[in-house]
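Quick look at protein-v5.cif (mmCIF, C-alpha atoms):
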```cif
data_entry
loop_
_atom_site.label_atom_id
_atom_site.label_comp_id
_atom_site.auth_asym_id
_atom_site.auth_seq_id
_atom_site.Cartn_x
_atom_site.Cartn_y
_atom_site.Cartn_z
CA MET Y 4 15.49 54.60 59.03
CA ALA Y 5 12.98 52.57 61.05
CA GLN Y 6 13.89 48.95 61.68
CA ARG Y 7 11.74 46.29 60.05
CA ASP Y 8 9.52 44.19 62.29
CA PHE Y 9 11.34 40.98 63.27
CA TYR Y 10 8.27 38.79 62.62
CA GLU Y 11 7.88 40.33 59.19
CA THR Y 12 11.58 39.79 58.50
CA LEU Y 13 11.23 36.07 59.13
CA GLY Y 14 7.84 35.87 57.44
CA VAL Y 15 5.97 34.44 60.44
CA ALA Y 16 2.98 35.52 62.48
CA ARG Y 17 3.39 36.97 65.96
CA GLY Y 18 1.86 33.87 67.50
CA ALA Y 19 4.22 31.51 65.62
CA SER Y 20 5.68 28.59 67.55
CA GLU Y 21 9.39 28.22 68.24
CA ASP Y 22 9.53 25.43 65.68
CA ASP Y 23 7.90 27.60 62.99
CA ILE Y 24 10.35 30.41 63.72
CA LYS Y 25 13.31 28.06 63.46
CA LYS Y 26 12.06 26.58 60.17
CA ALA Y 27 11.52 30.05 58.71
CA TYR Y 28 15.00 31.14 59.76
CA ARG Y 29 16.63 27.98 58.39
CA LYS Y 30 14.98 28.52 55.01
CA LEU Y 31 15.93 32.21 54.76
CA ALA Y 32 19.49 31.62 56.00
CA LYS Y 33 20.06 29.11 53.22
CA GLU Y 34 18.54 31.38 50.57
CA LEU Y 35 20.36 34.57 51.62
CA HIS Y 36 23.76 33.23 52.60
CA PRO Y 37 26.42 35.50 50.96
CA ASP Y 38 28.37 32.53 49.59
CA ARG Y 39 25.30 31.56 47.58
CA ASN Y 40 24.55 35.10 46.44
CA LYS Y 41 27.93 36.48 45.39
CA ASP Y 42 26.34 38.52 42.61
CA ASP Y 43 23.78 40.14 44.93
CA ALA Y 44 25.28 43.01 46.91
CA SER Y 45 22.21 43.25 49.16
CA ALA Y 46 22.26 39.58 50.19
CA GLU Y 47 24.71 40.09 53.07
CA ALA Y 48 22.64 42.92 54.56
CA LYS Y 49 19.48 40.84 54.32
CA PHE Y 50 21.28 37.87 55.82
CA LYS Y 51 22.39 39.96 58.82
CA GLU Y 52 18.86 41.28 59.24
CA VAL Y 53 17.44 37.74 59.30
CA ASN Y 54 20.07 36.67 61.85
CA ALA Y 55 19.30 39.64 64.07
CA ALA Y 56 15.58 38.82 64.01
CA TYR Y 57 16.14 35.18 64.82
CA GLU Y 58 18.60 36.00 67.63
CA VAL Y 59 15.76 37.79 69.43
CA LEU Y 60 12.75 35.63 68.57
CA LYS Y 61 14.42 32.30 69.37
CA ASP Y 62 15.00 33.41 72.98
CA PRO Y 63 11.75 33.36 75.06
CA GLN Y 64 12.88 36.23 77.31
CA LYS Y 65 14.08 38.44 74.47
CA ARG Y 66 10.96 37.64 72.47
CA ALA Y 67 8.73 38.62 75.39
CA ALA Y 68 10.61 41.91 75.75
CA TYR Y 69 10.35 42.55 72.01
CA ASP Y 70 6.62 41.77 71.98
CA GLN Y 71 6.12 44.35 74.75
CA PHE Y 72 8.53 47.13 73.82
CA GLY Y 73 9.48 46.43 70.19
CA HIS Y 74 12.97 47.44 69.05
CA ALA Y 75 13.22 49.85 71.98
CA ALA Y 76 13.68 46.83 74.27
CA PHE Y 77 17.27 46.51 73.00
CA GLN Y 78 18.20 50.17 72.99
CA ASN Y 79 19.64 52.26 75.81
CA GLY Y 80 20.37 49.19 77.92
CA MET Y 81 16.82 47.83 78.02
CA GLY Y 82 16.02 44.14 77.65
CA GLY Y 83 19.43 42.74 78.49
CA GLY Y 84 20.86 43.02 75.00
CA ARG Y 85 24.31 41.56 74.42
CA PRO Y 86 27.33 43.81 74.89
CA GLY Y 87 28.68 45.12 71.62
CA GLY Y 88 25.57 46.23 69.78
CA GLY Y 89 22.59 44.05 70.81
CA PRO Y 90 20.78 41.73 68.41
CA GLY Y 91 21.94 43.51 65.32
CA GLY Y 92 25.65 43.10 66.03
CA ALA Y 93 28.10 41.01 64.07
CA ASP Y 94 28.25 38.07 66.50
CA PHE Y 95 25.71 35.62 65.11
CA ALA Y 96 27.37 32.44 66.41
CA SER Y 97 24.58 31.67 68.88
CA ALA Y 98 21.79 31.97 66.35
CA PHE Y 99 23.64 30.43 63.47
CA SER Y 100 24.72 27.34 65.43
CA ASP Y 101 21.11 26.06 65.32
CA VAL Y 102 21.31 25.56 61.56
CA PHE Y 103 25.06 25.22 61.14
CA ASP Y 104 24.83 21.58 60.12
CA ASP Y 105 22.08 22.29 57.59
CA LEU Y 106 24.21 24.87 55.77
CA PHE Y 107 27.64 23.31 56.06
CA GLY Y 108 26.94 19.67 56.97
CA ASP Y 109 28.88 18.26 54.03
CA PHE Y 110 31.78 20.64 54.60
CA VAL Y 111 32.40 20.02 58.29
CA GLY Y 112 30.51 16.76 58.82
CA ALA Y 113 33.67 14.72 59.18
CA GLY Y 114 34.99 17.07 61.81
CA ARG Y 115 31.77 17.03 63.82
CA ARG Y 116 31.60 13.26 63.71
CA GLY Y 117 35.11 13.20 65.17
CA ALA Y 118 34.06 15.06 68.34
CA ALA Y 119 34.71 13.89 71.88
CA GLY Y 120 38.02 12.19 71.34
CA GLY Y 121 37.97 11.77 67.55
CA GLN Y 122 37.70 8.65 65.51
CA ARG Y 123 40.49 6.72 67.15
CA ARG Y 124 39.14 3.43 65.90
CA THR Y 125 37.46 3.20 62.55
CA ARG Y 126 35.09 0.38 61.65
CA GLY Y 127 36.20 -1.69 58.70
CA ALA Y 128 34.40 -1.43 55.38
CA ASP Y 129 31.68 -3.86 54.37
CA LEU Y 130 32.61 -6.23 51.54
CA ARG Y 131 30.53 -7.63 48.70
CA TYR Y 132 31.02 -11.06 47.15
CA ASN Y 133 29.09 -12.21 44.06
CA LEU Y 134 28.45 -15.96 44.08
CA THR Y 135 27.02 -17.73 41.03
CA ILE Y 136 25.26 -21.07 41.60
CA THR Y 137 23.23 -23.45 39.45
CA LEU Y 138 19.45 -23.84 39.61
CA GLU Y 139 19.97 -27.37 40.96
CA GLU Y 140 22.06 -25.93 43.82
CA ALA Y 141 19.37 -23.36 44.55
CA PHE Y 142 16.85 -26.23 44.64
CA ALA Y 143 18.78 -28.49 47.01
CA GLY Y 144 20.93 -25.95 48.87
CA LYS Y 145 24.66 -26.40 49.31
CA GLN Y 146 27.66 -25.68 51.47
CA THR Y 147 30.57 -24.09 49.68
CA THR Y 148 33.92 -22.48 50.44
CA ILE Y 149 34.69 -19.00 49.11
CA THR Y 150 37.98 -17.10 49.14
CA VAL Y 151 37.53 -13.48 50.14
CA PRO Y 152 40.25 -10.86 49.53
CA GLY Y 153 40.38 -8.32 52.33
CA SER Y 154 42.42 -7.42 55.38
CA ALA Y 155 43.03 -8.66 58.88
CA THR Y 156 44.28 -7.11 62.12
CA CYS Y 157 48.05 -6.76 62.05
CA SER Y 158 49.69 -9.29 64.36
CA GLY Y 159 52.84 -7.17 64.66
CA CYS Y 160 51.09 -4.37 66.54
CA ASP Y 161 47.78 -5.96 67.57
CA GLY Y 162 45.96 -3.43 65.42
CA THR Y 163 47.29 -0.28 67.13
CA GLY Y 164 49.49 0.74 64.20
CA SER Y 165 52.41 1.47 66.54
CA GLU Y 166 55.62 -0.55 66.64
CA GLY Y 167 55.53 -3.12 69.42
CA GLY Y 168 51.82 -2.58 70.07
CA ALA Y 169 52.26 0.80 71.79
CA GLN Y 170 49.16 2.95 72.00
CA PRO Y 171 48.87 5.93 69.62
CA GLN Y 172 49.38 9.40 71.10
CA THR Y 173 46.89 12.25 71.29
CA CYS Y 174 47.13 14.52 68.25
CA PRO Y 175 48.86 17.77 69.27
CA THR Y 176 47.05 19.79 66.60
CA CYS Y 177 43.45 19.05 67.61
CA GLN Y 178 44.10 17.77 71.14
CA GLY Y 179 42.29 14.54 70.34
CA MET Y 180 39.12 16.17 68.99
CA GLY Y 181 39.71 15.11 65.40
CA LYS Y 182 38.77 18.58 64.16
CA VAL Y 183 40.12 22.11 64.10
CA ARG Y 184 38.30 25.41 64.02
CA ALA Y 185 38.99 28.51 61.96
CA GLN Y 186 37.36 31.93 62.18
CA GLN Y 187 36.09 33.31 58.85
CA GLY Y 188 34.35 36.62 59.37
CA PHE Y 189 31.52 36.01 61.79
CA PHE Y 190 31.54 32.25 61.13
CA THR Y 191 33.45 29.56 62.97
CA ILE Y 192 34.25 26.78 60.50
CA GLU Y 193 35.14 23.30 61.66
CA ARG Y 194 37.39 21.13 59.52
CA THR Y 195 38.84 17.65 59.82
CA CYS Y 196 42.22 17.84 61.49
CA PRO Y 197 44.90 17.66 58.75
CA THR Y 198 47.44 16.07 61.11
CA CYS Y 199 45.47 13.02 62.28
CA MET Y 200 42.79 13.03 59.52
CA GLY Y 201 40.00 13.13 62.07
CA ARG Y 202 41.15 10.21 64.21
CA GLY Y 203 42.28 12.29 67.19
CA GLN Y 204 45.49 10.27 67.53
CA ILE Y 205 48.77 9.93 65.72
CA VAL Y 206 51.34 7.15 65.46
CA LYS Y 207 54.89 8.43 65.99
CA ASN Y 208 56.59 5.07 65.43
CA PRO Y 209 54.53 3.18 62.83
CA CYS Y 210 54.53 -0.59 62.79
CA LYS Y 211 56.93 -1.93 60.17
CA VAL Y 212 54.50 -4.68 59.15
CA CYS Y 213 51.36 -2.61 58.47
CA LYS Y 214 52.96 0.85 58.07
CA GLY Y 215 50.80 2.26 60.84
CA ALA Y 216 47.42 1.13 59.45
CA GLY Y 217 46.86 -1.56 62.07
CA ARG Y 218 45.76 -4.06 59.40
CA VAL Y 219 47.34 -6.04 56.58
CA PRO Y 220 45.98 -7.52 53.31
CA LYS Y 221 44.90 -11.12 53.71
CA GLU Y 222 42.76 -13.63 51.84
CA ARG Y 223 40.41 -15.79 53.88
CA ALA Y 224 38.57 -19.03 53.13
CA LEU Y 225 35.02 -19.00 54.50
CA GLN Y 226 32.39 -21.72 54.68
CA VAL Y 227 29.01 -20.50 53.36
CA GLN Y 228 25.71 -22.37 53.67
CA ILE Y 229 23.34 -21.69 50.75
CA PRO Y 230 19.77 -22.45 51.91
CA MET Y 231 17.24 -24.39 49.80
CA GLY Y 232 14.99 -22.21 47.66
CA VAL Y 233 17.36 -19.24 47.50
CA GLU Y 234 16.41 -16.79 44.74
CA ASP Y 235 18.42 -14.75 42.29
CA GLY Y 236 19.59 -11.53 44.01
CA THR Y 237 19.31 -12.93 47.55
CA ARG Y 238 21.76 -11.31 49.96
CA ILE Y 239 23.46 -13.32 52.71
CA ARG Y 240 25.16 -11.35 55.52
CA LEU Y 241 28.15 -12.68 57.42
CA ALA Y 242 28.64 -10.38 60.40
CA GLY Y 243 32.22 -9.41 61.21
CA GLU Y 244 33.69 -11.04 58.08
CA GLY Y 245 34.33 -7.79 56.20
CA GLU Y 246 37.33 -5.49 56.15
CA ALA Y 247 39.32 -5.31 59.38
CA GLY Y 248 38.93 -2.09 61.34
CA LEU Y 249 41.55 0.65 61.27
CA ARG Y 250 43.73 0.94 64.36
CA GLY Y 251 41.94 -1.88 66.14
CA GLY Y 252 38.42 -0.83 65.14
CA PRO Y 253 35.66 -3.42 64.70
CA PRO Y 254 35.49 -5.29 61.37
CA GLY Y 255 32.81 -4.67 58.77
CA ASP Y 256 30.40 -7.27 57.40
CA LEU Y 257 30.54 -9.48 54.32
CA TYR Y 258 27.51 -9.52 52.01
CA ILE Y 259 27.19 -12.42 49.58
CA PHE Y 260 24.92 -11.72 46.61
CA ILE Y 261 23.52 -14.84 44.96
CA GLU Y 262 23.25 -15.08 41.18
CA ILE Y 263 21.58 -18.14 39.63
CA ALA Y 264 22.93 -19.22 36.25
CA PRO Y 265 20.42 -19.83 33.41
CA HIS Y 266 19.30 -23.45 33.05
CA LYS Y 267 19.14 -25.29 29.71
CA LEU Y 268 15.76 -26.89 30.46
CA PHE Y 269 13.92 -24.98 33.17
CA GLN Y 270 12.92 -21.36 33.68
CA ARG Y 271 12.08 -20.18 37.17
CA GLU Y 272 9.20 -17.92 38.14
CA GLY Y 273 9.09 -17.50 41.91
CA MET Y 274 8.51 -20.97 43.34
CA ASP Y 275 7.26 -22.38 40.02
CA LEU Y 276 9.27 -23.94 37.21
CA HIS Y 277 8.46 -23.92 33.50
CA CYS Y 278 9.68 -26.37 30.87
CA ARG Y 279 8.90 -26.40 27.14
CA ILE Y 280 8.46 -29.88 25.73
CA PRO Y 281 8.26 -30.65 21.98
CA VAL Y 282 5.48 -33.09 21.10
CA PRO Y 283 5.22 -34.98 17.76
CA MET Y 284 2.26 -33.96 15.64
CA THR Y 285 0.82 -37.46 15.74
CA THR Y 286 1.00 -37.64 19.55
CA ALA Y 287 -0.64 -34.24 19.85
CA ALA Y 288 -3.42 -35.32 17.44
CA LEU Y 289 -4.04 -38.83 18.74
CA GLY Y 290 -3.00 -38.42 22.39
CA GLY Y 291 -0.38 -40.40 24.21
CA GLU Y 292 2.26 -40.20 26.93
CA ILE Y 293 5.59 -38.44 27.30
CA GLU Y 294 8.35 -38.62 29.91
CA ALA Y 295 8.98 -35.22 31.49
CA PRO Y 296 12.14 -34.26 33.44
CA GLN Y 297 12.16 -32.91 37.00
CA LEU Y 298 14.78 -30.57 38.48
CA ASP Y 299 15.67 -33.08 41.20
CA GLY Y 300 16.63 -35.62 38.51
CA GLY Y 301 13.37 -37.56 38.64
CA ARG Y 302 10.99 -38.36 35.77
CA SER Y 303 7.23 -38.03 35.41
CA ARG Y 304 4.95 -39.88 32.97
CA VAL Y 305 2.54 -37.31 31.58
CA LYS Y 306 -0.56 -38.00 29.49
CA ILE Y 307 -1.08 -35.83 26.41
CA PRO Y 308 -4.78 -35.33 25.59
CA ALA Y 309 -5.85 -35.93 21.99
CA GLY Y 310 -6.02 -32.72 19.99
CA ALA Y 311 -3.47 -30.87 22.18
CA GLN Y 312 -2.33 -27.55 20.73
CA SER Y 313 0.97 -25.67 21.03
CA GLY Y 314 1.07 -23.57 24.18
CA LYS Y 315 -1.10 -25.90 26.26
CA GLN Y 316 0.25 -26.19 29.82
CA LEU Y 317 0.19 -29.28 31.96
CA ARG Y 318 0.65 -28.74 35.69
CA LEU Y 319 2.61 -31.06 37.98
CA ARG Y 320 1.86 -30.06 41.58
CA GLY Y 321 4.69 -29.90 44.08
CA LYS Y 322 7.42 -30.41 41.47
CA GLY Y 323 8.69 -26.82 41.51
CA MET Y 324 11.15 -24.95 43.74
CA PRO Y 325 11.12 -25.19 47.54
CA GLN Y 326 10.02 -22.13 49.49
CA LEU Y 327 12.93 -20.42 51.23
CA ARG Y 328 12.71 -21.58 54.86
CA GLY Y 329 9.05 -22.43 54.32
CA GLY Y 330 8.79 -26.16 53.62
CA ARG Y 331 6.36 -25.85 50.69
CA TYR Y 332 7.10 -26.50 47.02
CA GLY Y 333 5.90 -24.75 43.91
CA ASP Y 334 4.60 -26.42 40.75
CA LEU Y 335 6.16 -27.52 37.47
CA TYR Y 336 4.41 -26.34 34.29
CA LEU Y 337 5.02 -28.25 31.07
CA GLU Y 338 4.31 -26.15 27.98
CA LEU Y 339 3.61 -28.28 24.89
CA GLN Y 340 5.16 -27.29 21.57
CA VAL Y 341 3.57 -29.30 18.74
CA GLU Y 342 6.31 -30.10 16.25
CA THR Y 343 5.67 -30.13 12.51
CA PRO Y 344 7.43 -33.11 10.87
CA VAL Y 345 10.30 -32.40 8.50
CA ASN Y 346 12.28 -34.45 5.93
CA LEU Y 347 9.21 -36.51 4.98
CA SER Y 348 9.57 -39.62 2.87
CA ALA Y 349 7.47 -40.12 -0.25
CA ARG Y 350 5.15 -42.48 1.58
CA GLN Y 351 4.68 -40.04 4.48
CA LYS Y 352 3.80 -37.25 2.08
CA GLU Y 353 1.34 -39.57 0.35
CA LEU Y 354 -0.35 -40.40 3.66
CA LEU Y 355 -0.65 -36.72 4.59
CA GLN Y 356 -2.16 -35.94 1.22
CA GLU Y 357 -4.69 -38.73 1.72
CA PHE Y 358 -5.49 -37.30 5.14
CA GLU Y 359 -6.06 -33.85 3.66
CA SER Y 360 -8.24 -35.26 0.87
CA ALA Y 361 -10.40 -37.08 3.39
CA GLY Y 362 -11.63 -33.69 4.63
CA GLY Y 363 -13.42 -33.29 7.95
CA ASP Y 364 -13.66 -30.57 10.56
CA ASN Y 365 -10.19 -31.15 12.01
CA SER Y 366 -8.99 -27.53 12.39
CA PRO Y 367 -11.68 -25.55 14.24
CA ASP Y 368 -9.38 -22.70 15.25
CA SER Y 369 -8.18 -22.24 11.68
CA ARG Y 370 -11.74 -22.26 10.34
CA ASP Y 371 -12.87 -19.73 12.92
CA PHE Y 372 -9.91 -17.44 12.23
CA PHE Y 373 -10.36 -17.32 8.47
CA SER Y 374 -14.08 -16.78 8.91
CA LYS Y 375 -13.23 -13.62 10.85
CA VAL Y 376 -10.72 -12.63 8.16
CA LYS Y 377 -13.41 -12.95 5.48
CA ASP Y 378 -15.80 -10.79 7.50
CA PHE Y 379 -13.04 -8.21 7.90
CA TRP Y 380 -12.32 -8.04 4.18
CA ASP Y 381 -16.03 -7.91 3.33
CA GLY Y 382 -16.43 -4.98 5.73
CA MET Y 383 -13.52 -3.14 4.10
CA THR Y 384 -14.85 -3.55 0.57
CA GLY Y 385 -18.38 -2.65 1.68
#
```
For this file, write the structure as structure tokens.
Amino acid sequence: MAQRDFYETLGVARGASEDDIKKAYRKLAKELHPDRNKDDASAEAKFKEVNAAYEVLKDPQKRAAYDQFGHAAFQNGMGGGRPGGGPGGADFASAFSDVFDDLFGDFVGAGRRGAAGGQRRTRGADLRYNLTITLEEAFAGKQTTITVPGSATCSGCDGTGSEGGAQPQTCPTCQGMGKVRAQQGFFTIERTCPTCMGRGQIVKNPCKVCKGAGRVPKERALQVQIPMGVEDGTRIRLAGEGEAGLRGGPPGDLYIFIEIAPHKLFQREGMDLHCRIPVPMTTAALGGEIEAPQLDGGRSRVKIPAGAQSGKQLRLRGKGMPQLRGGRYGDLYLELQVETPVNLSARQKELLQEFESAGGDNSPDSRDFFSKVKDFWDGMTG
């Protein structure tokens, strides 16, 4: 049976670039891999056909020979085909290595990352610390001491993991590579070395203090400077203050996440502050002054205009939160809440009744609203 055209097999044009050919092969290799098509008996044959096509077209010299002579270039000794059956043989290691990581990256990634001597020293893990502060502390900034659980380099072995500080020995299983290879059919699979767990070294005489880890649990007290204007969710990084490295590796970092506790008077919105202030009905009607609080502990005398309604906002410039490392300040907004009097005495009720009987256009919003309601009802009945 005639062989299928290699360009057609990969689904590319004859003038396709090397990059297009590689992308086409990568896509087909993933789709047709036998491990992903166990129920399809033809998948393995198609997979081999795709590999054979790519083995030729990825090589400029072989591709040139194929473009000139077709499949005949690899028959009867022409074209420099590989010993053992040419491009269609079972040895696909050369072609498949180009996309090996794409297909099996998760499976052998640890082994590949351990190449060239293995992971003898492992960087310590990063740590997270949640710190809750008050709104006043976010306003003024503060210096505080935190206690961080973690680990430190073992003093008994200076972080080597070996008794007396001796250096670990090269792993005899992987020869220091941190990975081992196994042949499965026409694939060469790399795995993390089971003896040294990818580190490339082993400790024959573990340190009695750290049991060979090179680090020991230890709590540390750290001074932390909280800047003025810090916001909820801000992250502060302390380089090198994380988990100690394994076997003398570099330490990780410590990340402090700031959480600001709710305040009983103020609500924050960016650099601005909001405060709801109850105002007596008489003050709102006649006008007057109130004393408003500030987050820094100060006080502001604020004039209430006559006829003020609930929801009206009064703005105090520069009385809000400081900008983080900026020098500017936001504003403080006072939202008035007109308070209806309760527990009235007989005389107070009498005065309110006299006020109501006196009439007058004292509630324009109410009059306008009920005028619209009347129009609505009239429209419905009409």
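Against the coordinates shown, the PyMOL selection byres ((chain Y and resi 36) around 10) returns Leu31, Ala32, Lys33, Glu34, Leu35, Pro37, Asp38, Arg39, Asn40, Lys41, Ala46, Glu47, Ala48, Lys49, Phe50, Lys51 and Leu106 of chain Y.
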May I have the selected residues written with C-alpha atoms, as a PDB file, keeping the file's coordinate frame?
```pdb
ATOM      1  CA  LEU Y  31      15.930  32.210  54.760  1.00  0.00           C
ATOM      2  CA  ALA Y  32      19.490  31.620  56.000  1.00  0.00           C
ATOM      3  CA  LYS Y  33      20.060  29.110  53.220  1.00  0.00           C
ATOM      4  CA  GLU Y  34      18.540  31.380  50.570  1.00  0.00           C
ATOM      5  CA  LEU Y  35      20.360  34.570  51.620  1.00  0.00           C
ATOM      6  CA  PRO Y  37      26.420  35.500  50.960  1.00  0.00           C
ATOM      7  CA  ASP Y  38      28.370  32.530  49.590  1.00  0.00           C
ATOM      8  CA  ARG Y  39      25.300  31.560  47.580  1.00  0.00           C
ATOM      9  CA  ASN Y  40      24.550  35.100  46.440  1.00  0.00           C
ATOM     10  CA  LYS Y  41      27.930  36.480  45.390  1.00  0.00           C
ATOM     11  CA  ALA Y  46      22.260  39.580  50.190  1.00  0.00           C
ATOM     12  CA  GLU Y  47      24.710  40.090  53.070  1.00  0.00           C
ATOM     13  CA  ALA Y  48      22.640  42.920  54.560  1.00  0.00           C
ATOM     14  CA  LYS Y  49      19.480  40.840  54.320  1.00  0.00           C
ATOM     15  CA  PHE Y  50      21.280  37.870  55.820  1.00  0.00           C
ATOM     16  CA  LYS Y  51      22.390  39.960  58.820  1.00  0.00           C
ATOM     17  CA  LEU Y 106      24.210  24.870  55.770  1.00  0.00           C
TER      18      LEU Y 106
END
```
Interatomic distance, atom CA of Thr137 of chain Y to atom CA of Lys221 of chain Y (Å, one decimal): 28.7 Å
Reference answer for the PyMOL selection byres ((chain Y and resi 269) around 12), as a PDB file with C-alpha atoms, in the frame of the given file:
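Output file result.pdb follows:
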```pdb
ATOM      1  CA  THR Y 137      23.230 -23.450  39.450  1.00  0.00           C
ATOM      2  CA  LEU Y 138      19.450 -23.840  39.610  1.00  0.00           C
ATOM      3  CA  GLU Y 139      19.970 -27.370  40.960  1.00  0.00           C
ATOM      4  CA  PHE Y 142      16.850 -26.230  44.640  1.00  0.00           C
ATOM      5  CA  ALA Y 264      22.930 -19.220  36.250  1.00  0.00           C
ATOM      6  CA  PRO Y 265      20.420 -19.830  33.410  1.00  0.00           C
ATOM      7  CA  HIS Y 266      19.300 -23.450  33.050  1.00  0.00           C
ATOM      8  CA  LYS Y 267      19.140 -25.290  29.710  1.00  0.00           C
ATOM      9  CA  LEU Y 268      15.760 -26.890  30.460  1.00  0.00           C
ATOM     10  CA  GLN Y 270      12.920 -21.360  33.680  1.00  0.00           C
ATOM     11  CA  ARG Y 271      12.080 -20.180  37.170  1.00  0.00           C
ATOM     12  CA  GLU Y 272       9.200 -17.920  38.140  1.00  0.00           C
ATOM     13  CA  ASP Y 275       7.260 -22.380  40.020  1.00  0.00           C
ATOM     14  CA  LEU Y 276       9.270 -23.940  37.210  1.00  0.00           C
ATOM     15  CA  HIS Y 277       8.460 -23.920  33.500  1.00  0.00           C
ATOM     16  CA  CYS Y 278       9.680 -26.370  30.870  1.00  0.00           C
ATOM     17  CA  ARG Y 279       8.900 -26.400  27.140  1.00  0.00           C
ATOM     18  CA  ILE Y 280       8.460 -29.880  25.730  1.00  0.00           C
ATOM     19  CA  ALA Y 295       8.980 -35.220  31.490  1.00  0.00           C
ATOM     20  CA  PRO Y 296      12.140 -34.260  33.440  1.00  0.00           C
ATOM     21  CA  GLN Y 297      12.160 -32.910  37.000  1.00  0.00           C
ATOM     22  CA  LEU Y 298      14.780 -30.570  38.480  1.00  0.00           C
ATOM     23  CA  ASP Y 299      15.670 -33.080  41.200  1.00  0.00           C
ATOM     24  CA  LYS Y 322       7.420 -30.410  41.470  1.00  0.00           C
ATOM     25  CA  GLY Y 323       8.690 -26.820  41.510  1.00  0.00           C
ATOM     26  CA  MET Y 324      11.150 -24.950  43.740  1.00  0.00           C
ATOM     27  CA  LEU Y 335       6.160 -27.520  37.470  1.00  0.00           C
ATOM     28  CA  TYR Y 336       4.410 -26.340  34.290  1.00  0.00           C
ATOM     29  CA  LEU Y 337       5.020 -28.250  31.070  1.00  0.00           C
ATOM     30  CA  GLU Y 338       4.310 -26.150  27.980  1.00  0.00           C
TER      31      GLU Y 338
END
```
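One distance worth recording is that between atom CA of Gly203 of chain Y and atom CA of Gly168 of chain Y, which is 17.9 Å.
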Coordinates-based distance that separates atom CA of Phe190 of chain Y from atom CA of Arg66 of chain Y (Å, one decimal):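 Distance between the two atoms: 24.1 Å.
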Ref. answer, residues at most 12 Å from (1.8, -41.1, 23.2) with all atoms listed in the file, as a list of chain:residue names: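 Looking at atoms near the point gives Y:Val282, Y:Pro283, Y:Met284, Y:Thr285, Y:Thr286, Y:Ala287, Y:Ala288, Y:Leu289, Y:Gly290, Y:Gly291, Y:Glu292, Y:Ile293, Y:Glu294, Y:Arg304, Y:Val305, Y:Lys306, Y:Ile307, Y:Pro308, Y:Ala309, Y:Gly310, Y:Ala311.
In this comparison, which uses only C-alpha atoms, the residue of Y:Ile261, Y:Leu354, Y:Ala56, Y:Val151 approaching Glu234 of chain Y most closely is Y:Ile261.
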